[in-house]
Structure formats: structure tokens, C-alpha cells
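Working notes for the structure below.
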Protein chains: 2
Amino acid sequence: MPGTDTDTTDSFAPAPDAIRGTVEAYLAALRSGSSAAIVALYADDATLEDPAGTAPKVGRDAIAQFYSALDGSPQKAELLTLRVSGASAAFHFRVTSPVGDHEYEVEPIDVMTFDEQARITSMRAYWSSENLRQL
Amino acid sequence: MPGTDTDTTDSFAPAPDAIRGTVEAYLAALRSGSSAAIVALYADDATLEDPAGTAPKVGRDAIAQFYSALDGSPQKAELLTLRVSGASAAFHFRVTSPVGDHEYEVEPIDVMTFDEQARITSMRAYWSSENLRQL
């Protein structure tokens with residue numbers, strides 16, 4: 001807002017449904033507890049900032065290292081709101097993670113950009129430790 | 001996620017409460033129907049992409065021109081979710097706009113970055129015309 005002119009200049013943008021498909025596959029991969037399934041959704045030279053403002057992880061190896069903490073630890077993940085805009089998406093979701101004997105819940109807003117094949121080229125996760133809740 | 005290390009590298013980041021204050025002032029300014037009140041929250045050399053993926057508006061004059069469409073047209077604006085991360089914030093909000101005899105509602109996710117005085121240095125709005133609803 002304001003105005004209703006939503007033409008984007010992202011001429012290479014994948015279809016909104018393809019972007020939605022990647023976001024849903026990302027949440028399904030979080031639920032699977034397989035970091036390989038998550039990393040397969042990223043482009044080779046992708047970047048990741050989680051949380052946003054921290055030093056970015058750059059490239060598939062660094063991203064794989066980041067998600068390896070999830071291996072064998074299936075998350076609960078539920079999409080709350082998704083907004084697709086050109087070749088980007090912002091989405092609000094709930095993730096519940098087992099940590100030792102406890103479960104922690106957080107509802108980040110993630111922003112992703114995508115290449116023409118709807119692979120993730122960048123991810124920034126907006127949340128802070130204040131948003132973590134022990135269940 | 002994963003991990004709970006939320007230290008950011010945004011060493012100049014304003015306090016989370018200052019960022020929250022600017023976001024709340026932004027929504028209040030939308031409600032006021034005064035584009036000057038909105039523009040005053042931006043840094044001089046800020047950039048604006050609304051919706052994300054469109055050509056950015058760069059600098060205070062271009063941003064003032066963009067918001068001038070709202071002058072004399074108070075919006076209803078309600079914060080739904082705010083996530084602060086370093087010197088950035090992502091927030092989901094509902095805005096209801098009068099257009100002719102009708103009202104349109106949209107619930108974008110906006111992402112903003114801030115300078116050390118919590119002025120907005122960039123804004124990207126994630127939404128598309130599919131998300132517009134006539135009331």
C-alpha cells in the first residue's frame with residue numbers, strides 16, 4: 001500500500017504457486033528431521049541469515065552445516081501466513097523444536113528470494129530469543 | 001532456528017523497543033492520513049519497495065511522492081505480529097483503505113531496516129493483488 005499497482009520488475013520470477021510449493025516443501029522438510037531434504041531446496045550459492053543481522057552463511061556447504069543440527073530431530077512446523085511478492089516471499093510460521101527434555105516454540109517471520117526454478121537463493125529469519133517460548 | 005544463538009552483527013542496532021516504537025509510529029501515521037507524518041519516520045537516503053520486487057523508490061522525495069496518495073485518506077492499520085532481529089524488523093499488519101465508495105483490506109508483511117536512531121532506512125512490502133480484499 002498505497003496503490004494497487006503490483007507489477008514487479010522481477011522478470012525471472014517463478015509462478016507464485018511454485019514459490020508457495022517451495023515454502024511448503026521447506027516446512028515439510030523441517031518436519032522430516034532431514035537436513036539434506038532442507039538443503040536440497042536451496043540454490044548452490046544461496047545465503048542464509050538466521051536470525052537476520054547475524055553473519056550470513058554463504059553457499060551450500062555452510063548452509064548444510066547450519067541445518068545439520070536438525071538431523072534426527074523432527075520439528076513441528078506450521079505455516080501461519082504466506083505473502084508472495086515477485087520473486088520473494090515472506091511467511092510467518094510456528095516451529096516447535098525438541099531440546100533435551102523440553103520443547104521450544106517460536107513463530108518467526110522468514111523472508112526468502114527464489115531463482116527461476118523456485119530454489120531458495122536467500123533466507124533471512126526474523127526472530128529473537130525473546131520470541132522463544134518453552135512449552 | 002536451529003540453535004538459540006541470536007547475537008547479531010548489527011553492532012549499530014537500536015534497542016528493540018526503539019524499533020518497535022518506529023513500527024507503531026508508522027501504523028499511527030498511516031491512521032493519521034498525513035503522508036508527512038509517515039515520511040518523517042524515514043532516513044534521508046532510505047529505499048522503499050512496495051510491493052517487493054518492484055523498482056525501488058530511493059530517497060526522501062521519491063518516498064514522499066509515493067505516500068502522497070494517502071493524504072487526507074486515513075487508513076485503518078493494526079499490528080498483527082512484529083519480529084525484531086538486530087537492526088531489522090518484519091511485521092504482519094492489517095490495513096484498510098477507502099477507495100471511492102469501497103474499502104479494501106490487505107494484510108501485508110513488511111520488512112524494515114533501521115539506523116542507529118531507529119529511522120527507517122529501507123522498507124519492503126510483501127503482498128500481491130491476490131491478497132487485496134474488498135469489504
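In the C-alpha cells, chains take letters A, B, ... by order of appearance, with residues numbered from 1 within each chain and ligands from 1 in the order shown.
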
**Study point:** Residues within 6 Å of Ser35 (chain B), only C-alpha atoms, excluding chain neighbours under 2 positions, as a list in words
**Key:**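 Surrounding residues, per the criterion: Ala37, Ile38, Tyr67, Ser68 and Asp71 of chain B.
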
Practice item. Pick out the residues sitting within 12 Å of Arg94 (chain A), and hand them over as a list in words; count only C-alpha atoms, and ignore anything fewer than 3 positions along from it in its own chain. Key: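 The filter keeps Leu27, Leu30, Arg31, Gln75, Lys76, Ala77, Glu78, Leu79, Leu80, Thr81, Phe91, Ser97, Tyr104, Glu105, Val106, Glu107, Pro108, Ile109, Asp110, Trp127, Asn131, Leu132 and Arg133 of chain A; Met1 of chain B.
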
Check your understanding: Would you give me, as a VMD selection string, the residues in chain A that DSSP reads as helix (DSSP H, G or I)?
Key -> chain A and resid 16 to 32 35 to 39 60 to 70 129 to 131

Exercise for review: Find the spatial neighbours of Ala64 (chain A), counting only C-alpha atoms, within a cut-off of 12 Å - ignore same-chain residues fewer than 2 positions away - and output them as a PyMOL selection string.
Suggested key: (chain A and resi 34-48+57-62+66-71) or (chain B and resi 2)

Let's see if you can do this: from backbone DSSP, list all strand (DSSP E) residues in region 6-108 of chain A, as a PDB file with all heavy atoms, in the first residue's frame.
```
ATOM      1  N   TYR A  42      17.676 -25.324  -1.540  1.00  0.00           N
ATOM      2  CA  TYR A  42      18.485 -24.112  -1.729  1.00  0.00           C
ATOM      3  C   TYR A  42      19.269 -24.170  -3.038  1.00  0.00           C
ATOM      4  O   TYR A  42      19.724 -25.242  -3.459  1.00  0.00           O
ATOM      5  CB  TYR A  42      19.472 -23.963  -0.565  1.00  0.00           C
ATOM      6  CG  TYR A  42      18.882 -23.331   0.680  1.00  0.00           C
ATOM      7  CD1 TYR A  42      18.234 -24.092   1.644  1.00  0.00           C
ATOM      8  CD2 TYR A  42      18.976 -21.955   0.888  1.00  0.00           C
ATOM      9  CE1 TYR A  42      17.696 -23.503   2.795  1.00  0.00           C
ATOM     10  CE2 TYR A  42      18.446 -21.362   2.023  1.00  0.00           C
ATOM     11  CZ  TYR A  42      17.810 -22.135   2.976  1.00  0.00           C
ATOM     12  OH  TYR A  42      17.278 -21.542   4.098  1.00  0.00           O
ATOM     13  N   ALA A  43      19.469 -23.024  -3.651  1.00  0.00           N
ATOM     14  CA  ALA A  43      20.392 -22.897  -4.779  1.00  0.00           C
ATOM     15  C   ALA A  43      21.829 -23.024  -4.263  1.00  0.00           C
ATOM     16  O   ALA A  43      22.102 -22.806  -3.082  1.00  0.00           O
ATOM     17  CB  ALA A  43      20.185 -21.553  -5.475  1.00  0.00           C
ATOM     18  N   ASP A  44      22.746 -23.381  -5.158  1.00  0.00           N
ATOM     19  CA  ASP A  44      24.131 -23.654  -4.755  1.00  0.00           C
ATOM     20  C   ASP A  44      24.795 -22.478  -4.043  1.00  0.00           C
ATOM     21  O   ASP A  44      25.559 -22.670  -3.100  1.00  0.00           O
ATOM     22  CB  ASP A  44      24.988 -23.992  -5.989  1.00  0.00           C
ATOM     23  CG  ASP A  44      24.676 -25.386  -6.521  1.00  0.00           C
ATOM     24  OD1 ASP A  44      23.990 -26.150  -5.805  1.00  0.00           O
ATOM     25  OD2 ASP A  44      25.110 -25.692  -7.641  1.00  0.00           O
ATOM     26  N   ASP A  45      24.548 -21.285  -4.517  1.00  0.00           N
ATOM     27  CA  ASP A  45      25.249 -20.106  -3.984  1.00  0.00           C
ATOM     28  C   ASP A  45      24.349 -19.277  -3.071  1.00  0.00           C
ATOM     29  O   ASP A  45      24.531 -18.062  -2.938  1.00  0.00           O
ATOM     30  CB  ASP A  45      25.761 -19.256  -5.142  1.00  0.00           C
ATOM     31  CG  ASP A  45      24.633 -18.900  -6.115  1.00  0.00           C
ATOM     32  OD1 ASP A  45      23.504 -19.425  -5.947  1.00  0.00           O
ATOM     33  OD2 ASP A  45      24.876 -18.097  -7.032  1.00  0.00           O
ATOM     34  N   ALA A  46      23.394 -19.956  -2.441  1.00  0.00           N
ATOM     35  CA  ALA A  46      22.430 -19.243  -1.602  1.00  0.00           C
ATOM     36  C   ALA A  46      23.092 -18.677  -0.346  1.00  0.00           C
ATOM     37  O   ALA A  46      24.201 -19.074   0.033  1.00  0.00           O
ATOM     38  CB  ALA A  46      21.291 -20.194  -1.213  1.00  0.00           C
ATOM     39  N   THR A  47      22.387 -17.732   0.270  1.00  0.00           N
ATOM     40  CA  THR A  47      22.832 -17.148   1.538  1.00  0.00           C
ATOM     41  C   THR A  47      21.734 -17.309   2.574  1.00  0.00           C
ATOM     42  O   THR A  47      20.548 -17.393   2.246  1.00  0.00           O
ATOM     43  CB  THR A  47      23.151 -15.647   1.381  1.00  0.00           C
ATOM     44  OG1 THR A  47      21.964 -14.954   0.986  1.00  0.00           O
ATOM     45  CG2 THR A  47      24.240 -15.422   0.344  1.00  0.00           C
ATOM     46  N   LEU A  48      22.158 -17.363   3.833  1.00  0.00           N
ATOM     47  CA  LEU A  48      21.215 -17.615   4.931  1.00  0.00           C
ATOM     48  C   LEU A  48      21.607 -16.740   6.114  1.00  0.00           C
ATOM     49  O   LEU A  48      22.772 -16.727   6.516  1.00  0.00           O
ATOM     50  CB  LEU A  48      21.289 -19.107   5.284  1.00  0.00           C
ATOM     51  CG  LEU A  48      20.416 -19.669   6.415  1.00  0.00           C
ATOM     52  CD1 LEU A  48      20.211 -21.162   6.212  1.00  0.00           C
ATOM     53  CD2 LEU A  48      21.020 -19.418   7.784  1.00  0.00           C
ATOM     54  N   GLU A  49      20.659 -15.995   6.649  1.00  0.00           N
ATOM     55  CA  GLU A  49      20.866 -15.200   7.867  1.00  0.00           C
ATOM     56  C   GLU A  49      19.793 -15.582   8.862  1.00  0.00           C
ATOM     57  O   GLU A  49      18.621 -15.238   8.683  1.00  0.00           O
ATOM     58  CB  GLU A  49      20.719 -13.703   7.577  1.00  0.00           C
ATOM     59  CG  GLU A  49      21.975 -12.976   7.196  1.00  0.00           C
ATOM     60  CD  GLU A  49      21.695 -11.492   6.988  1.00  0.00           C
ATOM     61  OE1 GLU A  49      21.148 -10.839   7.912  1.00  0.00           O
ATOM     62  OE2 GLU A  49      22.014 -11.000   5.901  1.00  0.00           O
ATOM     63  N   LYS A  57      25.504 -17.177   6.337  1.00  0.00           N
ATOM     64  CA  LYS A  57      26.095 -18.408   5.837  1.00  0.00           C
ATOM     65  C   LYS A  57      25.988 -18.345   4.319  1.00  0.00           C
ATOM     66  O   LYS A  57      24.919 -18.077   3.782  1.00  0.00           O
ATOM     67  CB  LYS A  57      25.323 -19.628   6.344  1.00  0.00           C
ATOM     68  CG  LYS A  57      25.725 -20.112   7.723  1.00  0.00           C
ATOM     69  CD  LYS A  57      25.194 -19.243   8.819  1.00  0.00           C
ATOM     70  CE  LYS A  57      25.528 -19.823  10.198  1.00  0.00           C
ATOM     71  NZ  LYS A  57      25.217 -18.839  11.267  1.00  0.00           N
ATOM     72  N   VAL A  58      27.090 -18.616   3.630  1.00  0.00           N
ATOM     73  CA  VAL A  58      27.122 -18.456   2.180  1.00  0.00           C
ATOM     74  C   VAL A  58      27.476 -19.786   1.533  1.00  0.00           C
ATOM     75  O   VAL A  58      28.515 -20.378   1.833  1.00  0.00           O
ATOM     76  CB  VAL A  58      28.143 -17.373   1.764  1.00  0.00           C
ATOM     77  CG1 VAL A  58      28.177 -17.217   0.240  1.00  0.00           C
ATOM     78  CG2 VAL A  58      27.806 -16.039   2.426  1.00  0.00           C
ATOM     79  N   LYS A  76       8.071 -29.729  14.653  1.00  0.00           N
ATOM     80  CA  LYS A  76       6.697 -29.440  14.223  1.00  0.00           C
ATOM     81  C   LYS A  76       6.755 -28.075  13.540  1.00  0.00           C
ATOM     82  O   LYS A  76       7.368 -27.144  14.084  1.00  0.00           O
ATOM     83  CB  LYS A  76       5.749 -29.390  15.411  1.00  0.00           C
ATOM     84  CG  LYS A  76       5.625 -30.722  16.149  1.00  0.00           C
ATOM     85  CD  LYS A  76       4.793 -30.560  17.417  1.00  0.00           C
ATOM     86  CE  LYS A  76       4.927 -31.790  18.309  1.00  0.00           C
ATOM     87  NZ  LYS A  76       4.523 -31.500  19.700  1.00  0.00           N
ATOM     88  N   ALA A  77       6.149 -27.972  12.375  1.00  0.00           N
ATOM     89  CA  ALA A  77       6.207 -26.710  11.647  1.00  0.00           C
ATOM     90  C   ALA A  77       4.877 -26.480  10.955  1.00  0.00           C
ATOM     91  O   ALA A  77       4.349 -27.373  10.281  1.00  0.00           O
ATOM     92  CB  ALA A  77       7.335 -26.732  10.611  1.00  0.00           C
ATOM     93  N   GLU A  78       4.344 -25.293  11.151  1.00  0.00           N
ATOM     94  CA  GLU A  78       3.014 -24.974  10.629  1.00  0.00           C
ATOM     95  C   GLU A  78       3.037 -23.576  10.005  1.00  0.00           C
ATOM     96  O   GLU A  78       3.463 -22.617  10.652  1.00  0.00           O
ATOM     97  CB  GLU A  78       2.024 -25.010  11.800  1.00  0.00           C
ATOM     98  CG  GLU A  78       0.595 -24.696  11.443  1.00  0.00           C
ATOM     99  CD  GLU A  78      -0.295 -24.552  12.689  1.00  0.00           C
ATOM    100  OE1 GLU A  78       0.194 -24.782  13.812  1.00  0.00           O
ATOM    101  OE2 GLU A  78      -1.466 -24.181  12.505  1.00  0.00           O
ATOM    102  N   LEU A  79       2.565 -23.477   8.783  1.00  0.00           N
ATOM    103  CA  LEU A  79       2.512 -22.177   8.097  1.00  0.00           C
ATOM    104  C   LEU A  79       1.337 -21.371   8.639  1.00  0.00           C
ATOM    105  O   LEU A  79       0.208 -21.856   8.712  1.00  0.00           O
ATOM    106  CB  LEU A  79       2.338 -22.409   6.589  1.00  0.00           C
ATOM    107  CG  LEU A  79       2.384 -21.168   5.698  1.00  0.00           C
ATOM    108  CD1 LEU A  79       3.723 -20.445   5.807  1.00  0.00           C
ATOM    109  CD2 LEU A  79       2.103 -21.550   4.244  1.00  0.00           C
ATOM    110  N   LEU A  80       1.605 -20.122   9.038  1.00  0.00           N
ATOM    111  CA  LEU A  80       0.542 -19.253   9.550  1.00  0.00           C
ATOM    112  C   LEU A  80       0.087 -18.261   8.470  1.00  0.00           C
ATOM    113  O   LEU A  80      -1.104 -18.087   8.259  1.00  0.00           O
ATOM    114  CB  LEU A  80       1.032 -18.512  10.794  1.00  0.00           C
ATOM    115  CG  LEU A  80       1.464 -19.422  11.966  1.00  0.00           C
ATOM    116  CD1 LEU A  80       2.039 -18.583  13.106  1.00  0.00           C
ATOM    117  CD2 LEU A  80       0.294 -20.275  12.469  1.00  0.00           C
ATOM    118  N   THR A  81       1.028 -17.609   7.818  1.00  0.00           N
ATOM    119  CA  THR A  81       0.701 -16.617   6.780  1.00  0.00           C
ATOM    120  C   THR A  81       1.808 -16.620   5.742  1.00  0.00           C
ATOM    121  O   THR A  81       2.982 -16.626   6.110  1.00  0.00           O
ATOM    122  CB  THR A  81       0.640 -15.191   7.366  1.00  0.00           C
ATOM    123  OG1 THR A  81      -0.304 -15.160   8.426  1.00  0.00           O
ATOM    124  CG2 THR A  81       0.218 -14.178   6.294  1.00  0.00           C
ATOM    125  N   LEU A  82       1.439 -16.581   4.469  1.00  0.00           N
ATOM    126  CA  LEU A  82       2.425 -16.503   3.383  1.00  0.00           C
ATOM    127  C   LEU A  82       2.057 -15.353   2.471  1.00  0.00           C
ATOM    128  O   LEU A  82       0.899 -15.216   2.072  1.00  0.00           O
ATOM    129  CB  LEU A  82       2.418 -17.813   2.580  1.00  0.00           C
ATOM    130  CG  LEU A  82       3.197 -17.817   1.262  1.00  0.00           C
ATOM    131  CD1 LEU A  82       4.696 -17.661   1.511  1.00  0.00           C
ATOM    132  CD2 LEU A  82       2.917 -19.107   0.491  1.00  0.00           C
ATOM    133  N   ARG A  83       3.031 -14.503   2.151  1.00  0.00           N
ATOM    134  CA  ARG A  83       2.836 -13.430   1.178  1.00  0.00           C
ATOM    135  C   ARG A  83       3.905 -13.577   0.110  1.00  0.00           C
ATOM    136  O   ARG A  83       5.110 -13.589   0.418  1.00  0.00           O
ATOM    137  CB  ARG A  83       2.961 -12.060   1.850  1.00  0.00           C
ATOM    138  CG  ARG A  83       1.863 -11.768   2.859  1.00  0.00           C
ATOM    139  CD  ARG A  83       0.537 -11.528   2.159  1.00  0.00           C
ATOM    140  NE  ARG A  83      -0.584 -11.364   3.072  1.00  0.00           N
ATOM    141  CZ  ARG A  83      -1.421 -12.342   3.425  1.00  0.00           C
ATOM    142  NH1 ARG A  83      -1.260 -13.573   2.942  1.00  0.00           N
ATOM    143  NH2 ARG A  83      -2.430 -12.104   4.233  1.00  0.00           N
ATOM    144  N   VAL A  84       3.481 -13.720  -1.132  1.00  0.00           N
ATOM    145  CA  VAL A  84       4.399 -13.833  -2.266  1.00  0.00           C
ATOM    146  C   VAL A  84       4.387 -12.502  -3.005  1.00  0.00           C
ATOM    147  O   VAL A  84       3.327 -11.916  -3.243  1.00  0.00           O
ATOM    148  CB  VAL A  84       3.967 -14.971  -3.214  1.00  0.00           C
ATOM    149  CG1 VAL A  84       4.885 -15.021  -4.442  1.00  0.00           C
ATOM    150  CG2 VAL A  84       3.981 -16.307  -2.481  1.00  0.00           C
ATOM    151  N   SER A  85       5.579 -12.026  -3.347  1.00  0.00           N
ATOM    152  CA  SER A  85       5.723 -10.706  -3.967  1.00  0.00           C
ATOM    153  C   SER A  85       6.872 -10.818  -4.969  1.00  0.00           C
ATOM    154  O   SER A  85       8.025 -10.909  -4.568  1.00  0.00           O
ATOM    155  CB  SER A  85       6.051  -9.711  -2.849  1.00  0.00           C
ATOM    156  OG  SER A  85       5.745  -8.389  -3.167  1.00  0.00           O
ATOM    157  N   SER A  88      10.031 -13.104  -4.417  1.00  0.00           N
ATOM    158  CA  SER A  88      10.286 -13.218  -2.972  1.00  0.00           C
ATOM    159  C   SER A  88       9.028 -13.683  -2.264  1.00  0.00           C
ATOM    160  O   SER A  88       7.920 -13.563  -2.781  1.00  0.00           O
ATOM    161  CB  SER A  88      10.663 -11.862  -2.357  1.00  0.00           C
ATOM    162  OG  SER A  88      11.497 -11.123  -3.168  1.00  0.00           O
ATOM    163  N   ALA A  89       9.241 -14.165  -1.048  1.00  0.00           N
ATOM    164  CA  ALA A  89       8.117 -14.493  -0.179  1.00  0.00           C
ATOM    165  C   ALA A  89       8.490 -14.141   1.244  1.00  0.00           C
ATOM    166  O   ALA A  89       9.665 -14.219   1.634  1.00  0.00           O
ATOM    167  CB  ALA A  89       7.772 -15.974  -0.277  1.00  0.00           C
ATOM    168  N   ALA A  90       7.495 -13.724   2.009  1.00  0.00           N
ATOM    169  CA  ALA A  90       7.625 -13.565   3.453  1.00  0.00           C
ATOM    170  C   ALA A  90       6.575 -14.467   4.073  1.00  0.00           C
ATOM    171  O   ALA A  90       5.440 -14.520   3.585  1.00  0.00           O
ATOM    172  CB  ALA A  90       7.412 -12.114   3.860  1.00  0.00           C
ATOM    173  N   PHE A  91       6.962 -15.197   5.098  1.00  0.00           N
ATOM    174  CA  PHE A  91       5.973 -16.071   5.725  1.00  0.00           C
ATOM    175  C   PHE A  91       6.194 -16.157   7.217  1.00  0.00           C
ATOM    176  O   PHE A  91       7.304 -16.126   7.719  1.00  0.00           O
ATOM    177  CB  PHE A  91       5.928 -17.460   5.077  1.00  0.00           C
ATOM    178  CG  PHE A  91       7.219 -18.237   5.091  1.00  0.00           C
ATOM    179  CD1 PHE A  91       7.440 -19.246   6.030  1.00  0.00           C
ATOM    180  CD2 PHE A  91       8.204 -17.991   4.144  1.00  0.00           C
ATOM    181  CE1 PHE A  91       8.620 -19.980   6.030  1.00  0.00           C
ATOM    182  CE2 PHE A  91       9.395 -18.721   4.140  1.00  0.00           C
ATOM    183  CZ  PHE A  91       9.597 -19.715   5.087  1.00  0.00           C
ATOM    184  N   HIS A  92       5.073 -16.233   7.914  1.00  0.00           N
ATOM    185  CA  HIS A  92       5.026 -16.347   9.365  1.00  0.00           C
ATOM    186  C   HIS A  92       4.673 -17.794   9.660  1.00  0.00           C
ATOM    187  O   HIS A  92       3.741 -18.333   9.073  1.00  0.00           O
ATOM    188  CB  HIS A  92       3.934 -15.387   9.884  1.00  0.00           C
ATOM    189  CG  HIS A  92       3.822 -15.282  11.364  1.00  0.00           C
ATOM    190  ND1 HIS A  92       2.632 -14.978  11.996  1.00  0.00           N
ATOM    191  CD2 HIS A  92       4.745 -15.421  12.343  1.00  0.00           C
ATOM    192  CE1 HIS A  92       2.839 -14.929  13.300  1.00  0.00           C
ATOM    193  NE2 HIS A  92       4.097 -15.194  13.539  1.00  0.00           N
ATOM    194  N   PHE A  93       5.461 -18.441  10.502  1.00  0.00           N
ATOM    195  CA  PHE A  93       5.198 -19.851  10.766  1.00  0.00           C
ATOM    196  C   PHE A  93       5.534 -20.176  12.212  1.00  0.00           C
ATOM    197  O   PHE A  93       6.200 -19.402  12.905  1.00  0.00           O
ATOM    198  CB  PHE A  93       5.952 -20.757   9.784  1.00  0.00           C
ATOM    199  CG  PHE A  93       7.456 -20.741   9.915  1.00  0.00           C
ATOM    200  CD1 PHE A  93       8.153 -21.859  10.361  1.00  0.00           C
ATOM    201  CD2 PHE A  93       8.186 -19.611   9.563  1.00  0.00           C
ATOM    202  CE1 PHE A  93       9.533 -21.852  10.468  1.00  0.00           C
ATOM    203  CE2 PHE A  93       9.577 -19.596   9.673  1.00  0.00           C
ATOM    204  CZ  PHE A  93      10.246 -20.722  10.128  1.00  0.00           C
ATOM    205  N   ARG A  94       5.037 -21.287  12.657  1.00  0.00           N
ATOM    206  CA  ARG A  94       5.280 -21.769  14.018  1.00  0.00           C
ATOM    207  C   ARG A  94       6.156 -23.013  13.933  1.00  0.00           C
ATOM    208  O   ARG A  94       5.869 -23.929  13.162  1.00  0.00           O
ATOM    209  CB  ARG A  94       3.956 -22.123  14.700  1.00  0.00           C
ATOM    210  CG  ARG A  94       4.110 -22.683  16.128  1.00  0.00           C
ATOM    211  CD  ARG A  94       2.754 -23.029  16.727  1.00  0.00           C
ATOM    212  NE  ARG A  94       1.914 -21.852  16.768  1.00  0.00           N
ATOM    213  CZ  ARG A  94       0.662 -21.793  16.329  1.00  0.00           C
ATOM    214  NH1 ARG A  94       0.087 -22.868  15.814  1.00  0.00           N
ATOM    215  NH2 ARG A  94      -0.014 -20.658  16.380  1.00  0.00           N
ATOM    216  N   VAL A  95       7.226 -23.041  14.709  1.00  0.00           N
ATOM    217  CA  VAL A  95       8.075 -24.228  14.732  1.00  0.00           C
ATOM    218  C   VAL A  95       8.295 -24.630  16.190  1.00  0.00           C
ATOM    219  O   VAL A  95       8.514 -23.781  17.062  1.00  0.00           O
ATOM    220  CB  VAL A  95       9.395 -24.001  13.952  1.00  0.00           C
ATOM    221  CG1 VAL A  95      10.208 -22.869  14.538  1.00  0.00           C
ATOM    222  CG2 VAL A  95      10.225 -25.264  13.876  1.00  0.00           C
ATOM    223  N   THR A  96       8.140 -25.910  16.443  1.00  0.00           N
ATOM    224  CA  THR A  96       8.320 -26.452  17.784  1.00  0.00           C
ATOM    225  C   THR A  96       9.460 -27.449  17.717  1.00  0.00           C
ATOM    226  O   THR A  96       9.445 -28.367  16.901  1.00  0.00           O
ATOM    227  CB  THR A  96       7.037 -27.142  18.273  1.00  0.00           C
ATOM    228  OG1 THR A  96       5.946 -26.240  18.099  1.00  0.00           O
ATOM    229  CG2 THR A  96       7.140 -27.526  19.727  1.00  0.00           C
ATOM    230  N   SER A  97      10.470 -27.225  18.564  1.00  0.00           N
ATOM    231  CA  SER A  97      11.709 -27.999  18.498  1.00  0.00           C
ATOM    232  C   SER A  97      11.936 -28.722  19.815  1.00  0.00           C
ATOM    233  O   SER A  97      11.851 -28.105  20.876  1.00  0.00           O
ATOM    234  CB  SER A  97      12.901 -27.064  18.281  1.00  0.00           C
ATOM    235  OG  SER A  97      12.679 -26.219  17.191  1.00  0.00           O
ATOM    236  N   PRO A  98      12.276 -29.998  19.750  1.00  0.00           N
ATOM    237  CA  PRO A  98      12.695 -30.698  20.962  1.00  0.00           C
ATOM    238  C   PRO A  98      14.125 -30.295  21.315  1.00  0.00           C
ATOM    239  O   PRO A  98      14.988 -30.261  20.455  1.00  0.00           O
ATOM    240  CB  PRO A  98      12.612 -32.173  20.567  1.00  0.00           C
ATOM    241  CG  PRO A  98      12.814 -32.192  19.086  1.00  0.00           C
ATOM    242  CD  PRO A  98      12.320 -30.870  18.562  1.00  0.00           C
ATOM    243  N   VAL A  99      14.349 -29.912  22.558  1.00  0.00           N
ATOM    244  CA  VAL A  99      15.707 -29.605  23.043  1.00  0.00           C
ATOM    245  C   VAL A  99      15.845 -30.303  24.389  1.00  0.00           C
ATOM    246  O   VAL A  99      15.238 -29.879  25.372  1.00  0.00           O
ATOM    247  CB  VAL A  99      15.935 -28.083  23.199  1.00  0.00           C
ATOM    248  CG1 VAL A  99      17.355 -27.802  23.732  1.00  0.00           C
ATOM    249  CG2 VAL A  99      15.722 -27.348  21.881  1.00  0.00           C
ATOM    250  N   HIS A 102      12.838 -30.867  26.823  1.00  0.00           N
ATOM    251  CA  HIS A 102      11.835 -29.810  26.668  1.00  0.00           C
ATOM    252  C   HIS A 102      11.484 -29.591  25.195  1.00  0.00           C
ATOM    253  O   HIS A 102      12.145 -30.104  24.300  1.00  0.00           O
ATOM    254  CB  HIS A 102      12.361 -28.503  27.269  1.00  0.00           C
ATOM    255  CG  HIS A 102      12.660 -28.619  28.729  1.00  0.00           C
ATOM    256  ND1 HIS A 102      11.679 -28.787  29.673  1.00  0.00           N
ATOM    257  CD2 HIS A 102      13.835 -28.607  29.405  1.00  0.00           C
ATOM    258  CE1 HIS A 102      12.233 -28.880  30.875  1.00  0.00           C
ATOM    259  NE2 HIS A 102      13.543 -28.775  30.741  1.00  0.00           N
ATOM    260  N   GLU A 103      10.439 -28.803  25.009  1.00  0.00           N
ATOM    261  CA  GLU A 103      10.107 -28.335  23.665  1.00  0.00           C
ATOM    262  C   GLU A 103      10.083 -26.813  23.682  1.00  0.00           C
ATOM    263  O   GLU A 103       9.573 -26.201  24.632  1.00  0.00           O
ATOM    264  CB  GLU A 103       8.727 -28.845  23.234  1.00  0.00           C
ATOM    265  CG  GLU A 103       8.721 -30.285  22.780  1.00  0.00           C
ATOM    266  CD  GLU A 103       7.446 -30.589  21.989  1.00  0.00           C
ATOM    267  OE1 GLU A 103       6.372 -30.107  22.384  1.00  0.00           O
ATOM    268  OE2 GLU A 103       7.537 -31.302  20.974  1.00  0.00           O
ATOM    269  N   TYR A 104      10.635 -26.240  22.637  1.00  0.00           N
ATOM    270  CA  TYR A 104      10.627 -24.787  22.486  1.00  0.00           C
ATOM    271  C   TYR A 104       9.822 -24.427  21.247  1.00  0.00           C
ATOM    272  O   TYR A 104       9.926 -25.086  20.209  1.00  0.00           O
ATOM    273  CB  TYR A 104      12.048 -24.237  22.359  1.00  0.00           C
ATOM    274  CG  TYR A 104      12.800 -24.298  23.663  1.00  0.00           C
ATOM    275  CD1 TYR A 104      13.484 -25.446  24.040  1.00  0.00           C
ATOM    276  CD2 TYR A 104      12.791 -23.215  24.524  1.00  0.00           C
ATOM    277  CE1 TYR A 104      14.158 -25.509  25.258  1.00  0.00           C
ATOM    278  CE2 TYR A 104      13.455 -23.258  25.744  1.00  0.00           C
ATOM    279  CZ  TYR A 104      14.140 -24.411  26.101  1.00  0.00           C
ATOM    280  OH  TYR A 104      14.792 -24.464  27.302  1.00  0.00           O
ATOM    281  N   GLU A 105       9.036 -23.370  21.392  1.00  0.00           N
ATOM    282  CA  GLU A 105       8.221 -22.908  20.268  1.00  0.00           C
ATOM    283  C   GLU A 105       8.623 -21.498  19.902  1.00  0.00           C
ATOM    284  O   GLU A 105       8.871 -20.666  20.783  1.00  0.00           O
ATOM    285  CB  GLU A 105       6.749 -22.925  20.676  1.00  0.00           C
ATOM    286  CG  GLU A 105       5.797 -22.518  19.572  1.00  0.00           C
ATOM    287  CD  GLU A 105       4.348 -22.540  20.064  1.00  0.00           C
ATOM    288  OE1 GLU A 105       3.873 -21.525  20.602  1.00  0.00           O
ATOM    289  OE2 GLU A 105       3.715 -23.602  19.925  1.00  0.00           O
ATOM    290  N   VAL A 106       8.698 -21.243  18.608  1.00  0.00           N
ATOM    291  CA  VAL A 106       8.973 -19.889  18.136  1.00  0.00           C
ATOM    292  C   VAL A 106       8.174 -19.685  16.855  1.00  0.00           C
ATOM    293  O   VAL A 106       7.893 -20.649  16.131  1.00  0.00           O
ATOM    294  CB  VAL A 106      10.492 -19.658  17.937  1.00  0.00           C
ATOM    295  CG1 VAL A 106      11.056 -20.538  16.835  1.00  0.00           C
ATOM    296  CG2 VAL A 106      10.831 -18.193  17.709  1.00  0.00           C
TER     297      VAL A 106
END
```

Review point. Which residues, written as an MDAnalysis selection string, have at least one atom at most 12 Å from region 14-17 of chain B, with only C-alpha atoms counted and residues fewer than 5 positions away on the same chain left out?
Key: (chainID A and resid 127:130) or (chainID B and resid 8 22:24 82:89 113:120)

Review point. What separation in Å, quoted to one decimal, exists between CA of Pro56 (chain B) and CA of Ala25 (chain B)?
Key: 22.4 Å

Practice item. Between A:Ile63, A:Met112, A:Leu135, A:Ala52, single out the one closest to chain B, counting only C-alpha atoms. Key: A:Ala52
